[in-house]
$ cat structure-v8.txt   # compact mmCIF, C-alpha atoms and all ligand atoms
# COMPACT_ATOMS: atom_id res chain seq x y z
CA MET I 815 0.00 0.00 0.00
CA ARG I 816 1.11 3.55 -0.81
CA LYS I 817 2.34 5.79 2.00
CA LEU I 818 -0.13 8.66 2.32
CA ILE I 819 1.05 10.34 5.51
CA GLU I 820 4.55 10.30 6.93
CA VAL I 821 5.30 12.15 10.15
CA LYS I 822 8.86 12.18 11.50
CA HIS I 823 10.15 13.74 14.73
CA LEU I 824 7.28 16.20 14.65
CA SER I 825 6.89 18.65 17.54
CA LYS I 826 4.61 21.59 18.12
CA SER I 827 4.85 24.24 20.79
CA TYR I 828 2.62 27.23 21.39
CA ARG I 829 4.11 30.38 22.86
CA ILE I 830 1.67 31.68 25.46
CA SER I 831 3.79 34.53 26.84
CA SER I 832 7.30 35.90 26.39
CA LYS I 833 8.57 33.37 28.96
CA GLU I 834 6.16 30.46 28.67
CA GLN I 835 5.36 27.92 26.00
CA VAL I 836 3.18 24.81 25.85
CA GLN I 837 4.63 21.68 24.28
CA ALA I 838 1.52 20.29 22.56
CA LEU I 839 3.30 17.53 20.56
CA GLN I 840 6.71 15.98 21.17
CA ASP I 841 8.75 13.93 18.69
CA VAL I 842 5.74 12.29 17.04
CA ASN I 843 6.48 9.57 14.46
CA PHE I 844 4.12 7.44 12.34
CA THR I 845 3.20 6.42 8.83
CA ILE I 846 -0.33 5.98 7.47
CA HIS I 847 -0.95 4.01 4.29
CA GLU I 848 -3.69 4.51 1.76
CA GLY I 849 -6.97 2.91 2.84
CA GLU I 850 -6.25 2.66 6.56
CA MET I 851 -8.77 3.56 9.27
CA ILE I 852 -7.06 5.11 12.29
CA ALA I 853 -8.29 6.32 15.68
CA ILE I 854 -6.48 8.96 17.70
CA VAL I 855 -7.39 8.83 21.40
CA GLY I 856 -6.20 10.72 24.47
CA THR I 857 -7.44 12.80 27.36
CA SER I 858 -8.49 16.44 27.01
CA GLY I 859 -5.49 18.67 26.28
CA SER I 860 -3.24 15.77 25.24
CA GLY I 861 -2.65 17.14 21.72
CA LYS I 862 -5.21 15.35 19.51
CA SER I 863 -6.70 18.44 17.85
CA THR I 864 -3.26 19.97 17.39
CA LEU I 865 -2.16 16.85 15.50
CA LEU I 866 -5.35 16.79 13.42
CA ARG I 867 -4.89 20.47 12.52
CA ILE I 868 -1.32 19.81 11.38
CA LEU I 869 -2.37 16.72 9.39
CA GLY I 870 -5.10 18.86 7.81
CA CYS I 871 -2.59 21.62 6.90
CA ILE I 872 -4.52 24.17 8.97
CA ASP I 873 -1.56 24.60 11.31
CA SER I 874 2.10 23.72 10.98
CA GLN I 875 4.65 21.97 13.14
CA THR I 876 7.38 23.81 15.04
CA THR I 877 10.01 21.19 14.13
CA GLY I 878 10.09 17.86 12.29
CA HIS I 879 8.71 16.63 8.99
CA TYR I 880 5.29 16.01 7.52
CA HIS I 881 4.82 14.48 4.08
CA LEU I 882 1.26 14.31 2.74
CA ASN I 883 0.50 12.45 -0.46
CA GLY I 884 4.12 12.84 -1.55
CA PHE I 885 4.35 16.58 -0.74
CA ASP I 886 6.70 17.95 1.89
CA ILE I 887 4.43 20.34 3.77
CA GLU I 888 7.29 22.38 5.16
CA GLY I 889 7.88 25.81 3.67
CA LYS I 890 4.67 25.89 1.62
CA THR I 891 2.85 29.20 1.27
CA ASP I 892 -0.68 29.56 2.67
CA GLN I 893 -2.02 29.41 -0.88
CA GLU I 894 -0.13 26.19 -1.66
CA LEU I 895 -1.33 24.68 1.61
CA ALA I 896 -4.92 25.63 0.84
CA HIS I 897 -4.60 23.92 -2.54
CA ILE I 898 -3.10 20.72 -1.06
CA ARG I 899 -5.77 20.73 1.64
CA ASN I 900 -8.58 21.20 -0.82
CA GLN I 901 -7.34 18.36 -3.06
CA SER I 902 -6.38 15.81 -0.42
CA ILE I 903 -8.44 16.33 2.72
CA GLY I 904 -12.05 16.38 3.80
CA PHE I 905 -12.93 17.54 7.33
CA VAL I 906 -15.80 16.34 9.52
CA MET I 907 -16.20 18.14 12.85
CA GLN I 908 -18.14 17.39 16.05
CA ASP I 909 -20.32 20.52 15.69
CA PHE I 910 -20.85 19.84 11.93
CA SER I 911 -19.48 23.34 11.04
CA LEU I 912 -22.22 23.95 8.48
CA ILE I 913 -23.78 27.25 7.49
CA GLU I 914 -27.19 26.79 9.06
CA ASP I 915 -28.91 29.35 6.88
CA TYR I 916 -27.76 27.74 3.61
CA SER I 917 -29.47 24.81 1.91
CA VAL I 918 -27.99 21.32 2.03
CA LYS I 919 -26.86 21.67 -1.58
CA LYS I 920 -25.19 25.05 -1.01
CA ASN I 921 -23.30 23.70 2.01
CA VAL I 922 -22.07 20.62 0.16
CA LEU I 923 -20.90 22.70 -2.80
CA LEU I 924 -19.01 25.21 -0.62
CA PRO I 925 -15.53 23.67 -1.17
CA LEU I 926 -15.97 24.15 -4.93
CA THR I 927 -15.84 27.92 -4.47
CA TYR I 928 -12.05 27.51 -4.45
CA GLU I 929 -11.88 25.27 -7.55
CA LYS I 930 -10.70 27.39 -10.47
CA ASN I 931 -10.91 24.67 -13.13
CA LYS I 932 -14.40 25.03 -14.67
CA GLU I 933 -14.54 21.48 -16.04
CA LYS I 934 -13.58 20.00 -12.69
CA ARG I 935 -16.20 22.14 -10.96
CA GLN I 936 -18.82 20.82 -13.36
CA GLN I 937 -17.79 17.20 -12.73
CA GLN I 938 -18.03 17.75 -8.99
CA LYS I 939 -21.49 19.28 -9.30
CA GLN I 940 -22.58 16.10 -11.05
CA HIS I 941 -21.04 14.15 -8.20
CA LEU I 942 -23.40 16.04 -5.82
CA LEU I 943 -26.55 14.05 -6.50
CA SER I 944 -24.88 10.65 -6.19
CA LEU I 945 -23.30 11.76 -2.91
CA LEU I 946 -26.61 12.99 -1.48
CA GLN I 947 -28.26 9.74 -2.53
CA LYS I 948 -25.50 7.67 -1.02
CA LEU I 949 -25.84 9.56 2.27
CA ASN I 950 -29.61 9.32 2.18
CA ILE I 951 -30.24 13.08 2.17
CA ALA I 952 -31.17 13.59 -1.50
CA SER I 953 -34.74 14.55 -0.57
CA LYS I 954 -33.34 17.36 1.63
CA GLU I 955 -31.23 18.92 -1.15
CA ASN I 956 -32.98 22.30 -1.13
CA GLN I 957 -33.89 22.38 2.55
CA LYS I 958 -32.08 24.72 4.94
CA VAL I 959 -29.69 22.98 7.31
CA THR I 960 -31.49 24.50 10.34
CA SER I 961 -34.43 22.19 9.74
CA LEU I 962 -32.36 18.98 9.86
CA SER I 963 -31.66 16.54 12.71
CA GLY I 964 -28.14 16.13 14.12
CA GLY I 965 -27.57 12.91 12.19
CA GLN I 966 -28.76 14.51 8.94
CA LYS I 967 -26.47 17.51 9.55
CA GLN I 968 -23.50 15.20 10.00
CA ARG I 969 -24.42 13.45 6.73
CA VAL I 970 -24.39 16.86 5.01
CA ALA I 971 -20.98 17.56 6.55
CA ILE I 972 -19.69 14.19 5.28
CA ALA I 973 -21.05 14.95 1.80
CA ARG I 974 -19.27 18.33 1.87
CA ALA I 975 -16.05 16.62 3.00
CA LEU I 976 -16.31 14.21 0.06
CA ILE I 977 -17.32 16.57 -2.76
CA ASN I 978 -13.70 17.01 -3.91
CA ASN I 979 -13.09 13.27 -3.64
CA PRO I 980 -10.18 13.70 -1.22
CA ALA I 981 -7.87 10.79 -0.36
CA ILE I 982 -8.24 11.39 3.36
CA LEU I 983 -11.14 12.08 5.68
CA LEU I 984 -10.19 13.72 9.00
CA ALA I 985 -12.97 13.44 11.57
CA ASP I 986 -12.75 15.27 14.91
CA GLU I 987 -15.21 13.59 17.34
CA PRO I 988 -17.69 13.00 14.47
CA THR I 989 -20.26 11.37 16.76
CA GLY I 990 -19.62 13.56 19.83
CA ALA I 991 -22.87 15.52 19.48
CA LEU I 992 -25.07 12.57 18.51
CA ASP I 993 -27.14 9.96 20.39
CA GLN I 994 -26.08 6.32 20.33
CA LYS I 995 -28.32 5.19 17.48
CA THR I 996 -27.34 8.12 15.24
CA SER I 997 -23.66 7.64 16.15
CA LYS I 998 -23.91 4.07 14.92
CA GLU I 999 -25.41 5.25 11.61
CA ILE I 1000 -22.59 7.76 11.12
CA MET I 1001 -19.97 5.12 11.98
CA ASN I 1002 -21.60 2.77 9.45
CA ILE I 1003 -21.15 5.46 6.79
CA LEU I 1004 -17.48 5.87 7.75
CA HIS I 1005 -17.02 2.08 7.56
CA GLU I 1006 -18.61 2.02 4.10
CA LEU I 1007 -16.27 4.78 2.92
CA HIS I 1008 -13.32 2.90 4.37
CA ALA I 1009 -14.43 -0.28 2.56
CA GLU I 1010 -14.44 1.77 -0.66
CA GLY I 1011 -10.78 2.66 -0.06
CA LYS I 1012 -10.95 6.02 1.70
CA THR I 1013 -8.29 6.71 4.35
CA ILE I 1014 -10.04 7.76 7.55
CA ILE I 1015 -8.57 9.32 10.70
CA ILE I 1016 -10.92 9.77 13.64
CA VAL I 1017 -10.17 11.69 16.84
CA THR I 1018 -12.37 10.27 19.57
CA HIS I 1019 -12.83 10.02 23.32
CA ASP I 1020 -15.02 6.97 22.78
CA LEU I 1021 -13.08 3.69 23.09
CA GLN I 1022 -15.91 1.74 21.44
CA ILE I 1023 -15.40 3.86 18.35
CA ALA I 1024 -11.60 3.58 18.54
CA GLU I 1025 -11.84 -0.21 18.71
CA GLN I 1026 -13.70 -0.23 15.39
CA CYS I 1027 -10.58 1.19 13.69
CA GLN I 1028 -7.66 -0.85 12.36
CA ARG I 1029 -5.04 1.05 14.34
CA ILE I 1030 -5.23 3.17 17.50
CA PHE I 1031 -2.81 6.00 18.30
CA ARG I 1032 -2.84 7.18 21.91
CA ILE I 1033 -1.53 10.65 22.77
CA GLU I 1034 -0.49 11.49 26.32
CA ASP I 1035 1.01 14.90 27.09
CA GLY I 1036 1.99 15.34 23.46
CA LEU I 1037 3.65 11.91 23.15
CA LEU I 1038 2.12 9.51 20.64
CA ASN I 1039 2.22 5.73 20.90
CA GLU I 1040 0.43 3.12 18.87
CA VAL I 1041 -1.75 0.80 20.96
CA TYR I 1042 -1.38 -2.89 20.11
CA SER I 1043 -4.03 -5.25 21.47
N1 LIG E 1 -3.67 28.10 20.03
C1 LIG E 1 -3.13 27.64 21.17
N2 LIG E 1 -2.38 28.45 21.94
C2 LIG E 1 -1.82 28.02 23.08
N3 LIG E 1 -1.94 26.76 23.54
C3 LIG E 1 -2.69 25.90 22.81
C4 LIG E 1 -3.33 26.29 21.59
N4 LIG E 1 -4.00 25.22 21.09
C5 LIG E 1 -3.78 24.20 21.95
N5 LIG E 1 -3.01 24.61 22.98
C6 LIG E 1 -2.54 23.76 24.11
O1 LIG E 1 -1.91 22.61 23.56
C7 LIG E 1 -2.24 21.44 24.32
C8 LIG E 1 -2.93 20.44 23.38
O2 LIG E 1 -4.20 20.96 23.00
P1 LIG E 1 -5.19 20.19 21.99
O3 LIG E 1 -6.33 21.11 21.71
O4 LIG E 1 -4.43 19.68 20.85
O5 LIG E 1 -5.68 18.96 22.91
P2 LIG E 1 -6.86 17.91 22.65
O6 LIG E 1 -6.29 16.57 23.01
O7 LIG E 1 -7.42 18.05 21.30
O8 LIG E 1 -7.93 18.34 23.73
P3 LIG E 1 -9.56 18.21 23.67
O9 LIG E 1 -9.86 16.73 23.71
O10 LIG E 1 -9.99 18.89 24.93
O11 LIG E 1 -10.03 18.88 22.44
C9 LIG E 1 -3.12 21.92 25.46
O12 LIG E 1 -2.28 22.14 26.58
C10 LIG E 1 -3.68 23.25 24.97
O13 LIG E 1 -3.98 24.10 26.03
$ encode --input "structure-v8.txt" --output "structure tokens"
Amino acid sequence: MRKLIEVKHLSKSYRISSKEQVQALQDVNFTIHEGEMIAIVGTSGSGKSTLLRILGCIDSQTTGHYHLNGFDIEGKTDQELAHIRNQSIGFVMQDFSLIEDYSVKKNVLLPLTYEKNKEKRQQQKQHLLSLLQKLNIASKENQKVTSLSGGQKQRVAIARALINNPAILLADEPTGALDQKTSKEIMNILHELHAEGKTIIIVTHDLQIAEQCQRIFRIEDGLLNEVYS
């Protein structure tokens, strides 16, 4: 399997005052191959979101190396990072991060705003209907997001994350705001996507969810270790 993510000796510190800094990640090392389903677990403040933000090219490391899909992320301009992010990564967040006042369709098509290639944009628009059907929200296409249930909102967020057909789906507590039954439905969707070959990385507090993944990374005080059962 192809290496999709390679992280070597990666550290991240935040400066909080002229004298103080927080070491959020320390000498983190791992490789993720195409098609893997990974869970990242750890207590609050351990560094999970920091790692996810770096993997998603929203933030950058202080030291160390990160290769994504063959690209060395170091030294890239914000514009280059935005392009890499848009092509390779789809985000799913705990609070759905949708624009409540927009329709389902408008939310899902949001990432295309940044696509300059007209032909590609057209192809992705055609991809919209099949995605909505797959996620069982096609009948809601023109409805405002405000009127949807939590589970439906998360399906919209997953559709939006997939519209560019990214190689990787990064999910930060994707079931954190949902009841048990709806969580199961969302996990079933993630399993289906994984079975189709998508690489999925889930940050979770929920060990039952982590155990459904192929590999589990545990972060404690910024140190990452793989858990082997
Ligand atoms: N922008 C920031 N500025 C300063 N410190 C930060 C910043 N972001 C995170 N931190 C600190 O870095 C450490 C790791 O935070 P992070 O948000 O990655 O943890 P987490 O495991 O995702 O926590 P949670 O489960 O509560 O979301 C914490 O000590 C946090 O206070």
$ atom_distance --input "structure-v8.txt" --atom1 "atom CA of His823 of chain I" --atom2 "atom CA of His879 of chain I"
6.6 Å
$ closest_residue --input "structure-v8.txt" --among "I:Leu926, I:Ile868, I:Met851, I:Ile846" --to "ligand LIG 1 (chain E)" --atoms "all atoms listed in the file"
I:Ile868
$ atom_distance --input "structure-v8.txt" --atom1 "atom C10 of ligand LIG 1 (chain E)" --atom2 "atom CA of Phe905 of chain I"
20.7 Å
$ atom_distance --input "structure-v8.txt" --atom1 "atom CA of Ile872 of chain I" --atom2 "atom CA of Glu955 of chain I"
29.0 Å
$ residues_around --input "structure-v8.txt" --residues "segment 1010-1021 of chain I" --least-positions-apart "2" --cutoff "7 Å" --atoms "only C-alpha atoms" --output "MDAnalysis selection string"
chainID I and resid 848:856 862 981:987 1006:1008 1023:1025
$ closest_residue --input "structure-v8.txt" --among "I:Gly990, I:Arg935, I:Gln1028, I:Thr996" --to "Ala1009 of chain I" --atoms "all atoms listed in the file"
I:Gln1028
$ residues_near_ligand --input "structure-v8.txt" --ligand "ligand LIG 1 (chain E)" --cutoff "10 Å" --atoms "only C-alpha atoms and all ligand atoms" --output "number ranges by chain"
I: 826-831, 835-839, 854-868, 873, 986-987, 1017-1019, 1033-1036
$ residues_around --input "structure-v8.txt" --residues "Leu949 of chain I" --least-positions-apart "2" --cutoff "8 Å" --atoms "only C-alpha atoms" --output "PyMOL selection string"
chain I and resi 945-947+951-952+969-970+973+1003
$ write_last_selection --input "structure-v8.txt" --atoms "C-alpha atoms" --output "JSON list (two decimals), keeping the file's coordinate frame"
[["chain", "number", "residue", "atom", "x", "y", "z"],
["I", 945, "LEU", "CA", -23.30, 11.76, -2.91],
["I", 946, "LEU", "CA", -26.61, 12.99, -1.48],
["I", 947, "GLN", "CA", -28.26, 9.74, -2.53],
["I", 951, "ILE", "CA", -30.24, 13.08, 2.17],
["I", 952, "ALA", "CA", -31.17, 13.59, -1.50],
["I", 969, "ARG", "CA", -24.42, 13.45, 6.73],
["I", 970, "VAL", "CA", -24.39, 16.86, 5.01],
["I", 973, "ALA", "CA", -21.05, 14.95, 1.80],
["I", 1003, "ILE", "CA", -21.15, 5.46, 6.79]]
$ closest_residue --input "structure-v8.txt" --among "I:Val918, I:Leu912, I:Ile972, I:Ile819" --to "Tyr880 of chain I" --atoms "all atoms listed in the file"
I:Ile819
$ build_atoms --input "structure-v8.txt" --residues "segment 912-930 of chain I" --atoms "N, CA and C atoms" --output "compact mmCIF listing (two decimals), keeping the file's coordinate frame"
# COMPACT_ATOMS: atom_id res chain seq x y z
N LEU I 912 -21.48 23.62 9.70
CA LEU I 912 -22.22 23.95 8.48
C LEU I 912 -22.73 25.38 8.57
N ILE I 913 -23.12 25.94 7.44
CA ILE I 913 -23.78 27.25 7.49
C ILE I 913 -25.28 26.98 7.56
N GLU I 914 -25.82 27.21 8.74
CA GLU I 914 -27.19 26.79 9.06
C GLU I 914 -28.23 27.42 8.13
N ASP I 915 -27.94 28.61 7.67
CA ASP I 915 -28.91 29.35 6.88
C ASP I 915 -28.88 28.97 5.39
N TYR I 916 -27.87 28.19 5.00
CA TYR I 916 -27.76 27.74 3.61
C TYR I 916 -28.49 26.41 3.44
N SER I 917 -28.85 26.11 2.20
CA SER I 917 -29.47 24.81 1.91
C SER I 917 -28.40 23.71 2.00
N VAL I 918 -28.89 22.48 2.01
CA VAL I 918 -27.99 21.32 2.03
C VAL I 918 -27.04 21.40 0.82
N LYS I 919 -27.64 21.63 -0.35
CA LYS I 919 -26.86 21.67 -1.58
C LYS I 919 -25.77 22.75 -1.52
N LYS I 920 -26.15 23.93 -1.06
CA LYS I 920 -25.19 25.05 -1.01
C LYS I 920 -24.04 24.75 -0.05
N ASN I 921 -24.36 24.08 1.06
CA ASN I 921 -23.30 23.70 2.01
C ASN I 921 -22.34 22.69 1.38
N VAL I 922 -22.91 21.68 0.71
CA VAL I 922 -22.07 20.62 0.16
C VAL I 922 -21.17 21.17 -0.95
N LEU I 923 -21.68 22.15 -1.68
CA LEU I 923 -20.90 22.70 -2.80
C LEU I 923 -19.89 23.77 -2.37
N LEU I 924 -19.91 24.13 -1.09
CA LEU I 924 -19.01 25.21 -0.62
C LEU I 924 -17.53 25.02 -1.01
N PRO I 925 -16.96 23.82 -0.85
CA PRO I 925 -15.53 23.67 -1.17
C PRO I 925 -15.22 23.95 -2.64
N LEU I 926 -16.23 23.92 -3.50
CA LEU I 926 -15.97 24.15 -4.93
C LEU I 926 -15.73 25.62 -5.25
N THR I 927 -16.06 26.48 -4.29
CA THR I 927 -15.84 27.92 -4.47
C THR I 927 -14.37 28.16 -4.82
N TYR I 928 -13.49 27.29 -4.27
CA TYR I 928 -12.05 27.51 -4.45
C TYR I 928 -11.50 26.80 -5.70
N GLU I 929 -12.35 26.00 -6.36
CA GLU I 929 -11.88 25.27 -7.55
C GLU I 929 -11.93 26.18 -8.77
N LYS I 930 -10.76 26.44 -9.34
CA LYS I 930 -10.70 27.39 -10.47
C LYS I 930 -11.01 26.71 -11.80
